[in-house]
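Visitor: For reference, the structure I am asking about is given below.
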Amino acid sequence: MTADAPTHEELAELVAAAGRVADHSSLRPWRLIEMRGADRERLGKAIAKAQGDRRPSTKPLRAPLLVAVVVSYRKSGKVPHWEQEAVASGVAHTLSLLLDEAGWGVIWRTGGYTRAKKVAKAHGLQKNEALLGWLYVGGKPAGKSAGRRKPIDVDAVLTRMPQKKRR
Ligand SMILES: Cc1cc2nc3c(=O)[nH]c(=O)nc-3n(C[C@H](O)[C@H](O)[C@H](O)COP(=O)(O)O)c2cc1C
């Protein structure tokens with residue numbers, strides 16, 4: 001990624017739209033943390049601590065803007081944690097698509113340290129919160145085409161319920 005990044009205002013507009021995903025009981029069980037400049041170095045230090053490395057991780061420096069995706073679990077008798085994670089994931093996926101449409105490069109990244117206590121502390125997470133990873137956001141380098149994926153084998157993924165066998 002290049003050093004170009006959306007401004008706070010540009011990002012905020014897209015977050016307002018992405019936040020409109022389906023949300024059971026409207027619990028809004030998510031928040032995002034915008035990380036730029038030295039914030040990324042603090043994350044690099046926290047990752048190193050979590051992994052027992054002496055040198056800070058340089059991974060967070062690979063993009064000018066990181067957006068940490070946080071699930072904030074709400075108390076609910078109706079909406080279990082997995083549904084709340086689905087909402088937070090939905091926001092992250094939608095935000096990725098909106099950023100892509102606006103011309104930015106985006107990669108959702110995680111690592112073995114994503115749920116480490118030291119990493120949570122660096123983000124100021126509360127007890128009811130957990131990280132779902134980071135969106136790495138930046139400019140698309142010129143001349144590099146998007147990676148190719150195999151087309152979806154729709155018949156393999158769009159099927160019917162098992163039917164009862166007729167005697
Ligand atoms: C929860 C989650 C975690 C991911 N973690 C990583 C990661 O750590 N490293 C990575 O290269 N891609 C990771 N990916 C995949 C990338 O975000 C992305 O899908 C991939 O680079 C291919 O790009 P494309 O989706 O535009 O084809 C992750 C995706 C998700 C949904």
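Identifiers for the structure tokens are assigned positionally: chains receive A, B, ... in sequence, residues are indexed from 1 per chain, and ligands are indexed from 1 in the order shown.
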What's around region 41-44 of chain A at 7 Å? Count only C-alpha atoms, leave out sequence neighbours fewer than 3 positions away in its own chain, and write the answer as a PyMOL selection string.

Guide: chain A and resi 38+47-48+56-60+122

Visitor: If the limit is 8 Å from any atom of ligand 1, counting only C-alpha atoms and all ligand atoms, which residues qualify? Return them as a PyMOL selection string.

Guide: chain A and resi 89+93+106-111+132-133+135+146-149

Visitor: Quick one: of A:Ala88, A:Leu97, A:Val137, A:Val119, who's nearest to Asp23 (chain A), counting only C-alpha atoms?

Guide: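 Closest to Asp23 (chain A) of all the choices is A:Ala88.
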
Visitor: Would you work out the distance separating CA of Leu14 (chain A) from CA of Lys127 (chain A), expressed in Å to one decimal?

Guide: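 Atom-to-atom, CA of Leu14 (chain A) and CA of Lys127 (chain A) are spaced 27.6 Å apart.
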
Visitor: Quote the spacing between CA of Trp30 (chain A) and CA of Leu66 (chain A) in Å to one decimal place.

Guide: 16.1 Å
